$ cat start16.cif   # mmCIF, C-alpha atoms and all ligand atoms
data_final
loop_
_atom_site.label_atom_id
_atom_site.label_comp_id
_atom_site.auth_asym_id
_atom_site.auth_seq_id
_atom_site.Cartn_x
_atom_site.Cartn_y
_atom_site.Cartn_z
CA MET G 1 15.90 234.91 3.64
CA ILE G 2 17.07 232.79 6.56
CA ASP G 3 15.02 232.88 9.73
CA PRO G 4 17.69 233.37 12.45
CA THR G 5 15.48 231.50 14.96
CA ALA G 6 15.49 228.37 12.76
CA ARG G 7 18.76 226.89 14.05
CA CYS G 8 18.97 223.19 13.28
CA PRO G 9 19.79 220.91 16.25
CA LYS G 10 22.58 218.33 15.86
CA TRP G 11 20.28 215.28 15.70
CA LEU G 12 18.28 216.85 12.86
CA ILE G 13 21.43 217.95 10.99
CA ASP G 14 22.54 214.29 10.93
CA HIS G 15 19.09 213.16 9.83
CA LEU G 16 18.82 215.73 7.06
CA ILE G 17 22.31 215.02 5.78
CA GLY G 18 21.34 211.32 5.71
CA CYS G 19 18.32 212.25 3.56
CA GLY G 20 20.32 214.30 1.06
CA GLY G 21 19.74 217.68 2.75
CA SER G 22 15.98 218.05 2.65
CA ILE G 23 12.71 216.38 3.69
CA SER G 24 9.01 217.16 3.29
CA PHE G 25 7.36 219.36 5.92
CA TYR G 26 5.16 216.33 6.73
CA ARG G 27 8.26 214.32 7.65
CA TYR G 28 9.72 217.27 9.56
CA MET G 29 6.57 217.60 11.73
CA ASP G 30 6.52 213.85 12.35
CA LEU G 31 10.18 213.90 13.42
CA VAL G 32 10.04 216.90 15.74
CA LEU G 33 6.99 215.51 17.54
CA ASN G 34 7.38 211.75 17.34
CA ASP G 35 11.03 210.82 16.69
CA PRO G 36 11.64 208.24 19.46
CA GLU G 37 14.84 209.91 20.73
CA ASN G 38 14.22 213.58 19.99
CA GLY G 39 10.53 214.25 19.38
CA PHE G 40 8.69 216.58 21.76
CA TYR G 41 5.97 214.01 22.52
CA ALA G 42 8.10 210.90 22.14
CA THR G 43 10.63 211.94 24.77
CA GLY G 44 7.87 213.09 27.13
CA ARG G 45 9.71 216.42 27.39
CA LEU G 46 6.51 218.30 26.77
CA ASN G 47 4.19 219.15 29.66
CA ILE G 48 0.46 219.72 29.34
CA GLY G 49 -1.20 222.00 31.91
CA LYS G 50 -1.24 225.49 33.37
CA ASP G 51 2.46 225.26 34.31
CA GLY G 52 3.43 223.42 31.14
CA ASP G 53 3.68 224.16 27.44
CA PHE G 54 -0.03 224.48 26.70
CA CYS G 55 -3.39 223.76 28.31
CA THR G 56 -5.95 221.28 27.10
CA SER G 57 -9.48 220.99 28.52
CA PRO G 58 -8.69 218.00 30.79
CA SER G 59 -5.60 219.76 32.12
CA LEU G 60 -7.73 222.51 33.70
CA GLY G 61 -9.24 220.18 36.31
CA ASN G 62 -11.72 217.32 36.33
CA ASP G 63 -14.83 219.26 35.25
CA PHE G 64 -14.29 218.59 31.54
CA ALA G 65 -14.20 214.83 32.22
CA ARG G 66 -17.21 215.03 34.56
CA LEU G 67 -19.29 216.76 31.90
CA LEU G 68 -18.10 214.53 29.09
CA ALA G 69 -18.92 211.52 31.30
CA VAL G 70 -22.62 212.46 31.08
CA GLN G 71 -22.53 211.90 27.31
CA VAL G 72 -20.29 208.82 27.55
CA VAL G 73 -22.63 207.19 30.09
CA ASP G 74 -25.62 207.93 27.82
CA TRP G 75 -23.87 206.19 24.93
CA LEU G 76 -22.86 203.19 27.06
CA LEU G 77 -26.43 202.83 28.35
CA ASP G 78 -27.74 203.11 24.75
CA LEU G 79 -25.43 200.24 23.81
CA GLU G 80 -26.65 198.19 26.77
CA LYS G 81 -30.32 198.90 26.01
CA SER G 82 -29.95 197.92 22.36
CA GLY G 83 -29.16 194.38 23.52
CA ILE G 84 -25.69 194.34 21.94
CA LYS G 85 -23.61 191.64 23.61
CA SER G 86 -20.01 192.35 24.51
CA GLU G 87 -17.70 191.07 27.27
CA PHE G 88 -16.93 194.71 28.16
CA PHE G 89 -17.94 198.13 27.05
CA SER G 90 -14.66 199.79 26.18
CA ILE G 91 -13.71 203.41 26.63
CA VAL G 92 -10.82 203.93 24.23
CA GLU G 93 -8.84 207.14 24.55
CA ILE G 94 -6.57 207.93 21.63
CA GLY G 95 -3.64 210.23 22.45
CA PRO G 96 -4.28 210.49 26.21
CA GLY G 97 -1.51 213.06 26.88
CA GLU G 98 -0.99 213.21 30.65
CA GLY G 99 -3.70 210.52 31.20
CA THR G 100 -5.92 212.83 33.25
CA LEU G 101 -8.98 212.62 30.97
CA SER G 102 -8.96 208.81 31.10
CA ARG G 103 -8.60 208.80 34.88
CA ASP G 104 -11.16 211.53 35.56
CA LEU G 105 -13.69 210.05 33.14
CA ILE G 106 -13.60 206.72 35.00
CA LEU G 107 -13.85 208.46 38.39
CA ALA G 108 -16.85 210.44 37.13
CA ILE G 109 -18.57 207.28 35.88
CA VAL G 110 -18.01 205.69 39.30
CA GLU G 111 -19.96 208.65 40.70
CA ILE G 112 -22.80 208.96 38.18
CA ALA G 113 -23.32 205.36 36.99
CA PRO G 114 -21.64 203.00 39.48
CA ALA G 115 -23.51 199.97 38.11
CA LEU G 116 -21.68 200.39 34.78
CA ILE G 117 -18.16 200.29 36.17
CA SER G 118 -17.74 196.50 36.38
CA LYS G 119 -18.70 196.29 32.67
CA ILE G 120 -16.16 198.91 31.59
CA GLU G 121 -12.66 198.48 30.27
CA LEU G 122 -10.41 201.51 29.71
CA ILE G 123 -8.02 201.28 26.76
CA LEU G 124 -5.34 203.91 26.20
CA VAL G 125 -3.82 204.23 22.73
CA GLU G 126 -0.63 206.26 22.83
CA LEU G 127 1.93 206.56 20.05
CA ASN G 128 4.76 207.97 22.13
CA VAL G 129 6.65 206.10 24.89
CA GLY G 130 7.49 209.30 26.80
CA MET G 131 3.81 210.20 27.13
CA ARG G 132 2.79 206.64 27.99
CA LYS G 133 5.20 206.61 30.94
CA ARG G 134 3.49 209.71 32.31
CA GLN G 135 0.03 208.21 31.76
CA GLU G 136 1.03 205.07 33.67
CA LYS G 137 1.73 207.16 36.79
CA VAL G 138 -1.70 208.82 36.61
CA VAL G 139 -3.86 205.84 35.67
CA LYS G 140 -2.30 203.39 38.14
CA ASN G 141 -4.25 205.11 40.91
CA LEU G 142 -7.50 203.72 39.50
CA LYS G 143 -8.38 200.81 41.74
CA GLY G 144 -10.70 197.98 40.71
CA ILE G 145 -10.88 199.13 37.08
CA ASN G 146 -9.89 197.13 34.02
CA TYR G 147 -7.42 199.17 32.06
CA ARG G 148 -4.71 198.52 29.52
CA TRP G 149 -2.67 200.19 26.78
CA SER G 150 -3.05 198.98 23.24
CA ASN G 151 -2.46 200.14 19.70
CA VAL G 152 -4.69 200.48 16.69
CA GLU G 153 -3.27 197.39 14.94
CA ASP G 154 -3.90 195.11 17.96
CA LEU G 155 -7.37 196.53 18.41
CA ILE G 156 -8.16 195.81 14.75
CA SER G 157 -7.42 192.14 15.45
CA ARG G 158 -9.63 192.22 18.59
CA PRO G 159 -12.28 194.91 17.95
CA VAL G 160 -14.31 196.36 20.79
CA THR G 161 -17.72 197.85 21.52
CA GLY G 162 -17.97 201.19 23.30
CA VAL G 163 -16.85 204.78 23.00
CA VAL G 164 -13.68 206.13 21.37
CA ILE G 165 -12.44 209.61 22.34
CA ALA G 166 -9.78 211.68 20.58
CA ASN G 167 -9.33 215.01 22.36
CA GLU G 168 -6.75 217.28 20.71
CA VAL G 169 -5.04 214.49 18.83
CA LEU G 170 -5.76 215.14 15.15
CA ASP G 171 -4.20 218.60 15.46
CA ALA G 172 -0.92 216.90 16.35
CA PHE G 173 -0.97 214.66 13.25
CA PRO G 174 1.76 215.62 10.76
CA VAL G 175 0.33 217.64 7.88
CA GLU G 176 1.34 218.24 4.30
CA ARG G 177 1.83 221.95 3.68
CA LEU G 178 0.82 223.05 0.21
CA VAL G 179 2.34 226.14 -1.36
CA PHE G 180 0.49 227.92 -4.17
CA ARG G 181 2.83 230.19 -6.09
CA GLU G 182 2.46 231.73 -9.53
CA ASN G 183 -0.43 229.44 -10.46
CA LYS G 184 1.49 226.33 -9.48
CA VAL G 185 1.24 224.09 -6.46
CA PHE G 186 4.20 222.74 -4.49
CA ARG G 187 4.70 220.43 -1.54
CA GLN G 188 6.48 222.32 1.20
CA GLY G 189 9.83 220.90 2.21
CA VAL G 190 12.45 221.72 4.83
CA SER G 191 16.07 222.01 3.88
CA LEU G 192 19.38 222.32 5.71
CA ILE G 193 21.49 225.34 4.99
CA ARG G 194 24.99 226.04 6.31
CA ILE G 195 26.07 229.59 7.04
CA ASN G 196 29.64 229.89 8.24
CA ASP G 197 29.79 227.09 10.78
CA GLU G 198 26.12 227.10 11.71
CA TYR G 199 23.27 225.05 10.33
CA PHE G 200 19.80 226.52 9.80
CA LEU G 201 16.51 225.26 8.41
CA GLU G 202 14.65 226.87 5.54
CA PHE G 203 11.51 226.11 3.59
CA ILE G 204 11.82 224.85 0.05
CA ASP G 205 9.28 223.95 -2.63
CA LEU G 206 9.11 220.30 -3.66
CA LYS G 207 7.16 218.54 -6.39
CA PRO G 208 3.67 217.52 -5.23
CA THR G 209 3.16 213.80 -4.62
CA ALA G 210 0.53 211.68 -6.38
CA GLU G 211 -1.55 211.84 -3.14
CA ILE G 212 -1.45 215.64 -3.16
CA ILE G 213 -2.54 215.72 -6.82
CA LYS G 214 -5.41 213.38 -5.94
CA PHE G 215 -6.41 215.63 -3.01
CA LEU G 216 -6.41 218.66 -5.33
CA LYS G 217 -8.62 216.84 -7.84
CA GLU G 218 -11.11 215.86 -5.15
CA SER G 219 -10.87 219.07 -3.15
CA ASN G 220 -13.91 220.95 -4.48
CA THR G 221 -16.22 218.07 -3.50
CA LEU G 222 -14.36 217.23 -0.32
CA LEU G 223 -14.28 220.79 0.98
CA LYS G 224 -17.58 221.92 -0.56
CA MET G 225 -15.91 225.02 -1.98
CA GLN G 226 -13.62 226.12 -4.75
CA PHE G 227 -10.06 225.15 -3.85
CA PRO G 228 -7.76 227.02 -3.82
CA PRO G 229 -10.07 229.97 -3.29
CA LYS G 230 -10.16 232.84 -5.76
CA ASP G 231 -7.95 235.86 -5.17
CA ILE G 232 -5.10 234.16 -3.36
CA GLY G 233 -1.98 236.28 -3.41
CA ASN G 234 1.40 235.49 -4.98
CA ARG G 235 2.18 232.99 -2.26
CA TRP G 236 -0.52 231.12 -0.35
CA VAL G 237 0.28 228.29 2.05
CA THR G 238 -2.16 225.89 3.64
CA GLU G 239 -2.35 222.45 5.24
CA TRP G 240 -3.80 219.09 4.36
CA HIS G 241 -4.35 216.50 7.12
CA CYS G 242 -3.34 213.64 4.86
CA ASP G 243 -3.36 210.93 7.58
CA VAL G 244 -6.95 211.54 8.67
CA PRO G 245 -8.63 209.33 5.99
CA SER G 246 -6.56 206.24 6.89
CA TRP G 247 -7.06 207.00 10.61
CA PHE G 248 -10.85 206.86 10.21
CA ALA G 249 -10.52 203.70 8.10
CA LYS G 250 -8.47 201.96 10.80
CA LEU G 251 -10.68 203.19 13.66
CA SER G 252 -13.78 201.88 11.93
CA LYS G 253 -12.18 198.44 12.18
CA ILE G 254 -11.47 198.65 15.91
CA LEU G 255 -15.08 199.39 16.85
CA VAL G 256 -17.89 196.90 16.23
CA ASN G 257 -20.60 199.08 17.72
CA GLY G 258 -20.36 202.45 19.39
CA SER G 259 -19.36 206.06 19.00
CA LEU G 260 -16.30 208.16 18.25
CA LEU G 261 -15.93 211.69 19.58
CA VAL G 262 -13.32 213.95 18.01
CA VAL G 263 -12.67 217.22 19.87
CA ASP G 264 -10.22 219.62 18.32
CA TYR G 265 -9.21 222.99 16.96
CA ALA G 266 -11.34 223.10 13.81
CA MET G 267 -12.82 225.45 11.22
CA GLU G 268 -15.29 225.32 8.36
CA SER G 269 -13.55 224.98 5.00
CA LYS G 270 -14.50 228.53 3.92
CA ARG G 271 -12.71 230.00 6.95
CA TYR G 272 -9.85 227.52 6.78
CA TYR G 273 -9.14 227.81 3.08
CA ASN G 274 -9.72 231.54 2.89
CA ALA G 275 -7.64 233.72 0.56
CA MET G 276 -6.81 235.97 3.53
CA ARG G 277 -5.40 233.06 5.56
CA SER G 278 -2.21 233.03 3.53
CA ASP G 279 -0.06 231.01 5.93
CA GLY G 280 -2.46 228.30 7.06
CA THR G 281 -3.28 227.49 10.69
CA LEU G 282 -0.03 225.90 11.82
CA VAL G 283 1.58 227.26 15.00
CA SER G 284 4.09 226.05 17.52
CA TYR G 285 3.56 226.06 21.30
CA ARG G 286 6.02 226.18 24.14
CA ASN G 287 5.69 227.59 27.66
CA GLN G 288 2.11 228.72 26.90
CA GLU G 289 3.24 230.86 23.96
CA ALA G 290 1.99 230.42 20.42
CA ASN G 291 4.58 231.10 17.76
CA PRO G 292 4.20 231.35 13.97
CA TYR G 293 7.88 230.40 13.45
CA VAL G 294 7.34 226.68 13.09
CA LEU G 295 11.00 225.85 12.36
CA LYS G 296 12.14 227.34 15.66
CA ASP G 297 13.47 225.08 18.44
CA SER G 298 12.83 221.83 16.55
CA GLY G 299 11.91 219.05 18.97
CA LEU G 300 11.38 221.47 21.85
CA CYS G 301 7.93 222.77 20.80
CA ASP G 302 4.52 221.40 20.00
CA LEU G 303 3.25 221.91 16.46
CA THR G 304 -0.47 222.07 15.85
CA ALA G 305 -2.69 222.57 12.81
CA HIS G 306 -6.49 223.00 12.86
CA ILE G 307 -8.65 220.37 11.21
CA CYS G 308 -11.13 221.26 8.47
CA ILE G 309 -14.68 220.33 9.49
CA GLU G 310 -16.05 219.42 6.04
CA SER G 311 -13.11 217.23 5.03
CA THR G 312 -12.98 215.53 8.43
CA ILE G 313 -16.68 214.63 8.21
CA ASN G 314 -16.29 213.51 4.59
CA TYR G 315 -13.30 211.31 5.43
CA ALA G 316 -15.28 209.70 8.26
CA LEU G 317 -18.31 209.06 6.05
CA THR G 318 -16.25 207.46 3.30
CA ASN G 319 -14.50 205.22 5.82
CA GLY G 320 -17.38 203.45 7.51
CA TRP G 321 -18.74 206.03 9.97
CA LYS G 322 -22.16 207.67 10.33
CA PHE G 323 -22.24 211.29 11.41
CA ILE G 324 -24.06 212.00 14.68
CA GLY G 325 -23.52 215.75 14.78
CA GLU G 326 -21.15 218.61 15.46
CA THR G 327 -21.07 221.66 17.72
CA ARG G 328 -18.76 224.05 19.52
CA GLN G 329 -17.34 222.90 22.85
CA GLY G 330 -19.01 225.80 24.69
CA GLN G 331 -22.45 224.64 23.50
CA ALA G 332 -21.70 220.98 24.19
CA LEU G 333 -20.55 221.57 27.76
CA LEU G 334 -23.50 223.82 28.54
CA ALA G 335 -25.82 221.13 27.16
CA LEU G 336 -24.16 218.61 29.46
CA GLY G 337 -24.68 220.76 32.56
CA LEU G 338 -21.79 223.20 32.93
CA SER G 339 -24.03 226.01 34.19
CA ASN G 340 -25.13 223.77 37.11
CA PHE G 341 -21.48 223.39 38.08
CA LEU G 342 -21.05 227.18 38.04
CA TYR G 343 -24.26 227.65 39.99
CA SER G 344 -23.19 225.17 42.68
CA LEU G 345 -20.13 227.32 43.41
CA GLN G 346 -22.45 229.85 45.09
CA ASN G 347 -22.68 227.48 48.05
CA THR G 348 -18.94 227.46 48.64
CA SER G 349 -17.96 228.05 52.25
CA SER G 350 -15.60 230.93 52.94
CA ASN G 351 -12.61 228.68 53.75
CA ASN G 352 -12.79 227.13 50.24
CA LEU G 353 -13.06 230.41 48.40
CA SER G 354 -9.74 230.26 46.62
CA ALA G 355 -10.36 226.74 45.24
CA ALA G 356 -13.85 227.81 44.16
CA LEU G 357 -12.49 230.84 42.30
CA ASN G 358 -9.94 228.66 40.51
CA ARG G 359 -12.64 226.20 39.54
CA ARG G 360 -14.86 229.02 38.30
CA GLU G 361 -12.03 230.35 36.15
CA SER G 362 -11.41 226.89 34.66
CA LEU G 363 -15.10 226.34 33.92
CA LEU G 364 -15.26 229.70 32.14
CA ARG G 365 -12.12 228.86 30.15
CA LEU G 366 -13.75 225.64 28.93
CA VAL G 367 -16.55 227.63 27.29
CA ASP G 368 -14.65 230.80 26.35
CA PRO G 369 -15.58 231.44 22.68
CA MET G 370 -12.11 232.93 22.11
CA GLY G 371 -10.40 229.80 23.44
CA LEU G 372 -11.36 226.24 24.31
CA GLY G 373 -15.08 227.02 23.92
CA ASP G 374 -14.51 227.40 20.18
CA PHE G 375 -13.14 223.85 19.85
CA ARG G 376 -15.41 221.55 17.86
CA TRP G 377 -17.02 218.33 19.01
CA LEU G 378 -17.62 215.98 16.07
CA ALA G 379 -19.40 212.73 16.90
CA PHE G 380 -19.71 209.63 14.72
CA GLN G 381 -21.16 206.18 15.18
CA LYS G 382 -20.44 202.72 13.94
CA ASN G 383 -23.01 199.97 14.16
CA ASN G 384 -23.54 196.44 13.04
CA SER G 385 -26.96 196.42 14.66
CA ASP G 386 -29.84 198.50 13.25
CA ASP G 387 -31.30 198.62 16.77
CA LEU G 388 -28.55 200.91 17.97
CA ILE G 389 -29.71 204.50 18.39
CA LEU G 390 -27.18 206.71 20.12
CA GLY G 391 -28.36 209.84 21.93
CA LYS G 392 -27.11 213.34 21.22
CA ARG G 393 -27.36 215.06 24.56
CA PHE G 394 -24.32 217.23 23.73
CA LEU G 395 -26.31 218.78 20.87
CA GLU G 396 -29.41 219.59 22.89
CA GLU G 397 -30.44 222.98 24.27
CA PRO G 398 -28.38 223.82 27.37
CA ILE G 399 -29.77 222.79 30.75
CA SER G 400 -30.48 225.97 32.74
C1 LIG G 501 -2.07 217.52 22.34
S1 LIG G 501 -1.83 216.01 23.17
C2 LIG G 501 -3.49 215.77 23.76
C3 LIG G 501 -3.50 215.07 25.06
C4 LIG G 501 -4.84 214.80 25.72
N1 LIG G 501 -5.78 214.17 24.85
C5 LIG G 501 -5.40 216.05 26.33
O1 LIG G 501 -6.40 216.51 25.84
O2 LIG G 501 -4.82 216.56 27.30
C6 LIG G 501 -1.69 214.81 21.88
C7 LIG G 501 -1.48 213.39 22.38
O3 LIG G 501 -1.67 212.49 21.28
C8 LIG G 501 -0.56 211.62 21.17
N2 LIG G 501 -0.50 211.20 19.77
C9 LIG G 501 -0.08 211.89 18.70
N3 LIG G 501 -0.30 211.20 17.57
C10 LIG G 501 -0.89 210.04 17.94
C11 LIG G 501 -1.38 208.91 17.22
N4 LIG G 501 -1.27 208.82 15.89
N5 LIG G 501 -1.92 207.90 17.93
C12 LIG G 501 -2.03 207.96 19.27
N6 LIG G 501 -1.59 209.00 19.99
C13 LIG G 501 -1.03 210.03 19.34
C14 LIG G 501 0.59 212.44 21.70
O4 LIG G 501 1.72 211.68 22.05
C15 LIG G 501 -0.09 213.09 22.90
O5 LIG G 501 -0.18 212.20 23.99
#
$ encode --input "start16.cif" --output "structure tokens"
Amino acid sequence: MIDPTARCPKWLIDHLIGCGGSISFYRYMDLVLNDPENGFYATGRLNIGKDGDFCTSPSLGNDFARLLAVQVVDWLLDLEKSGIKSEFFSIVEIGPGEGTLSRDLILAIVEIAPALISKIELILVELNVGMRKRQEKVVKNLKGINYRWSNVEDLISRPVTGVVIANEVLDAFPVERLVFRENKVFRQGVSLIRINDEYFLEFIDLKPTAEIIKFLKESNTLLKMQFPPKDIGNRWVTEWHCDVPSWFAKLSKILVNGSLLVVDYAMESKRYYNAMRSDGTLVSYRNQEANPYVLKDSGLCDLTAHICIESTINYALTNGWKFIGETRQGQALLALGLSNFLYSLQNTSSNNLSAALNRRESLLRLVDPMGLGDFRWLAFQKNNSDDLILGKRFLEEPIS
């Protein structure tokens, strides 16, 4: 049955006709987010923040960056102490969105470890021109700081030492959707359908690729569970983040020594690949509203899929990374001192009350177990020197 909300825009009609009428869901997601002329990210049409399409932790104010800076500074000092020589210590942000995390992280380091600043270089890695333009406006206000934009390929040819951060980026990677139906597996596709004079999109089942077959063969080991789970119904749909293995492989080549922090919507494999979760984790976002109709308003919405914790860790380990540890964002931020920030609000003078209440609300949102507090922090390290021991303050007991 046709979903009446899945009207196909003109640019996508032309594209689909050019491809014979259908494409994989993976290609569809890539196009609607990253197509240079029509993608939601690529055009910079999307807005991140309270008044935009969705909120991320850095978009709620600078407290997320100030707390994260505590861990980043620890790691940079660990690198310095280990005697590793490097022209700069790099802070690489992958997928910087509005650029606020990069900016606020540097400003926080200026405050808490001013002696480090002259040794730091900020590198922003952004796929989409529209987002990069927005980042330029935010980051240009950083005075006396070395910063530049780069891409993974250039960084591979000139690797760096430092800290790599990917906050809410992997969830925006295009995914393969797998459809299990009548004991068979299919690759989900998206097809154009014409009704009277209107074009709509509908899901179709395609033959699985060799990569999907390989994933299925490896899945029990990769996910540490039986896959697909027992007792799935007649139709069970899920996602596979097929670009994550090659992403870890490339990233391991851009970093000589240092750490990688991935923060994202994530779930253990048993929750992710649960028989009851019969339509996966994929949702679309626009104007702060989550929507399960992922073919609606193509190119005008964000699409996001959770990452699976076990497979993400496995892909990192098999691609040159060591695992430092993993926790929920709420725990991590409390360990880095969030309760002190809340406590300090008690001293607010009465003429700053409204700003203090807003800040309190944002701090609580960062640790809300039903929201951003449930995000996962997964940290990895790469080292050529055995002397490098990186701290794990974000995993410690919260500071009271
Ligand atoms: C959900 S936004 C997150 C923005 C930001 N990190 C934040 O937390 O506010 C995803 C960002 O990643 C970018 N992006 C998506 N895929 C990417 C890739 N493969 N490499 C680099 N950036 C990517 C998008 O253009 C966008 O800027």
$ residues_near_point --input "start16.cif" --point "(-5.3, 205.3, 24.0)" --cutoff "6 Å" --atoms "only C-alpha atoms" --output "ChimeraX atom specification"
/G:92-96,123-126
$ closest_atom_pairs --input "start16.cif" --of "chain G" --to "ligand LIG 501 (chain G)" --cutoff "6 Å" --atoms "only C-alpha atoms and all ligand atoms" --output "JSON lines"
{"residue": "G:Tyr41", "atom": "CA", "partner": "G:LIG501", "partner_atom": "O4", "distance": 4.9}
{"residue": "G:Thr56", "atom": "CA", "partner": "G:LIG501", "partner_atom": "O2", "distance": 4.9}
{"residue": "G:Pro58", "atom": "CA", "partner": "G:LIG501", "partner_atom": "O2", "distance": 5.4}
{"residue": "G:Ser59", "atom": "CA", "partner": "G:LIG501", "partner_atom": "O2", "distance": 5.8}
{"residue": "G:Ile94", "atom": "CA", "partner": "G:LIG501", "partner_atom": "C12", "distance": 5.1}
{"residue": "G:Gly95", "atom": "CA", "partner": "G:LIG501", "partner_atom": "O3", "distance": 3.2}
{"residue": "G:Pro96", "atom": "CA", "partner": "G:LIG501", "partner_atom": "N1", "distance": 4.2}
{"residue": "G:Gly97", "atom": "CA", "partner": "G:LIG501", "partner_atom": "O5", "distance": 3.3}
{"residue": "G:Val125", "atom": "CA", "partner": "G:LIG501", "partner_atom": "C12", "distance": 5.4}
{"residue": "G:Glu126", "atom": "CA", "partner": "G:LIG501", "partner_atom": "N6", "distance": 4.1}
{"residue": "G:Leu127", "atom": "CA", "partner": "G:LIG501", "partner_atom": "C12", "distance": 4.3}
{"residue": "G:Asn128", "atom": "CA", "partner": "G:LIG501", "partner_atom": "O4", "distance": 4.8}
{"residue": "G:Met131", "atom": "CA", "partner": "G:LIG501", "partner_atom": "O5", "distance": 5.5}
{"residue": "G:Asn167", "atom": "CA", "partner": "G:LIG501", "partner_atom": "N1", "distance": 4.4}
{"residue": "G:Glu168", "atom": "CA", "partner": "G:LIG501", "partner_atom": "C2", "distance": 4.7}
{"residue": "G:Val169", "atom": "CA", "partner": "G:LIG501", "partner_atom": "C6", "distance": 4.5}
{"residue": "G:Ala172", "atom": "CA", "partner": "G:LIG501", "partner_atom": "C9", "distance": 5.6}
{"residue": "G:Phe173", "atom": "CA", "partner": "G:LIG501", "partner_atom": "N3", "distance": 5.6}
$ closest_residue --input "start16.cif" --among "G:Asn146, G:Asn351, G:Thr312, G:Asn274" --to "His241 (chain G)" --atoms "only C-alpha atoms"
G:Thr312
$ residues_around --input "start16.cif" --residues "Ala316 (chain G)" --least-positions-apart "5" --cutoff "9 Å" --atoms "all atoms listed in the file" --output "PyMOL selection string"
chain G and resi 244-245+247-249+252+311+321-323+380
$ atom_distance --input "start16.cif" --atom1 "CA of Phe40 (chain G)" --atom2 "CA of Arg177 (chain G)"
20.1 Å
$ closest_residue --input "start16.cif" --among "G:Ala266, G:Met370, G:Lys296, G:Ser339" --to "Thr327 (chain G)" --atoms "all atoms listed in the file"
G:Ala266
$ residues_around --input "start16.cif" --residues "Gln346 (chain G)" --least-positions-apart "6" --cutoff "12 Å" --atoms "only C-alpha atoms" --output "list of chain:residue names"
G:Ser339, G:Asn340, G:Asn352, G:Leu353, G:Ala356, G:Leu357, G:Arg359, G:Arg360
$ atom_distance --input "start16.cif" --atom1 "CA of Asp374 (chain G)" --atom2 "CA of Leu67 (chain G)"
16.5 Å
$ residues_near_point --input "start16.cif" --point "(0.7, 226.2, -11.9)" --cutoff "12 Å" --atoms "all atoms listed in the file" --output "count of residues only"
13
$ closest_residue --input "start16.cif" --among "G:Trp377, G:Trp240, G:Tyr315, G:Trp11" --to "Pro36 (chain G)" --atoms "all atoms listed in the file"
G:Trp11
$ atom_distance --input "start16.cif" --atom1 "CA of Ser284 (chain G)" --atom2 "CA of Ile313 (chain G)"
25.5 Å
$ closest_atom_pairs --input "start16.cif" --of "region 138-207 of chain G" --to "region 381-386 of chain G" --cutoff "10 Å" --atoms "all atoms listed in the file" --output "CSV"
residue,atom,partner,partner_atom,distance
G:Thr161,CA,G:Asn383,CA,9.3
G:Gly162,CA,G:Lys382,CA,9.8
G:Val163,CA,G:Gln381,CA,9.0
G:Val164,CA,G:Gln381,CA,9.7
$ decode --input "start16.cif" --residues "region 20-31 of chain G" --atoms "N, CA and C atoms" --output "compact mmCIF listing (two decimals), in the first residue's frame"
# COMPACT_ATOMS: atom_id res chain seq x y z
N GLY G 20 16.76 3.51 -13.52
CA GLY G 20 15.87 2.40 -13.89
C GLY G 20 14.68 2.26 -12.96
N GLY G 21 14.43 3.24 -12.09
CA GLY G 21 13.20 3.23 -11.30
C GLY G 21 13.39 2.86 -9.84
N SER G 22 14.53 2.27 -9.49
CA SER G 22 14.71 1.94 -8.07
C SER G 22 16.18 1.98 -7.67
N ILE G 23 16.40 2.18 -6.37
CA ILE G 23 17.75 2.20 -5.79
C ILE G 23 17.69 1.49 -4.43
N SER G 24 18.85 1.19 -3.88
CA SER G 24 18.86 0.57 -2.54
C SER G 24 18.49 1.63 -1.50
N PHE G 25 18.03 1.19 -0.32
CA PHE G 25 17.74 2.17 0.73
C PHE G 25 19.02 2.90 1.11
N TYR G 26 20.15 2.16 1.11
CA TYR G 26 21.46 2.77 1.44
C TYR G 26 21.71 3.98 0.55
N ARG G 27 21.48 3.81 -0.75
CA ARG G 27 21.71 4.90 -1.70
C ARG G 27 20.71 6.04 -1.47
N TYR G 28 19.47 5.65 -1.15
CA TYR G 28 18.42 6.65 -0.89
C TYR G 28 18.84 7.53 0.28
N MET G 29 19.29 6.91 1.38
CA MET G 29 19.67 7.67 2.59
C MET G 29 20.85 8.58 2.27
N ASP G 30 21.80 8.05 1.51
CA ASP G 30 22.97 8.87 1.15
C ASP G 30 22.52 10.09 0.33
N LEU G 31 21.60 9.87 -0.62
CA LEU G 31 21.15 10.98 -1.47
C LEU G 31 20.39 12.04 -0.67
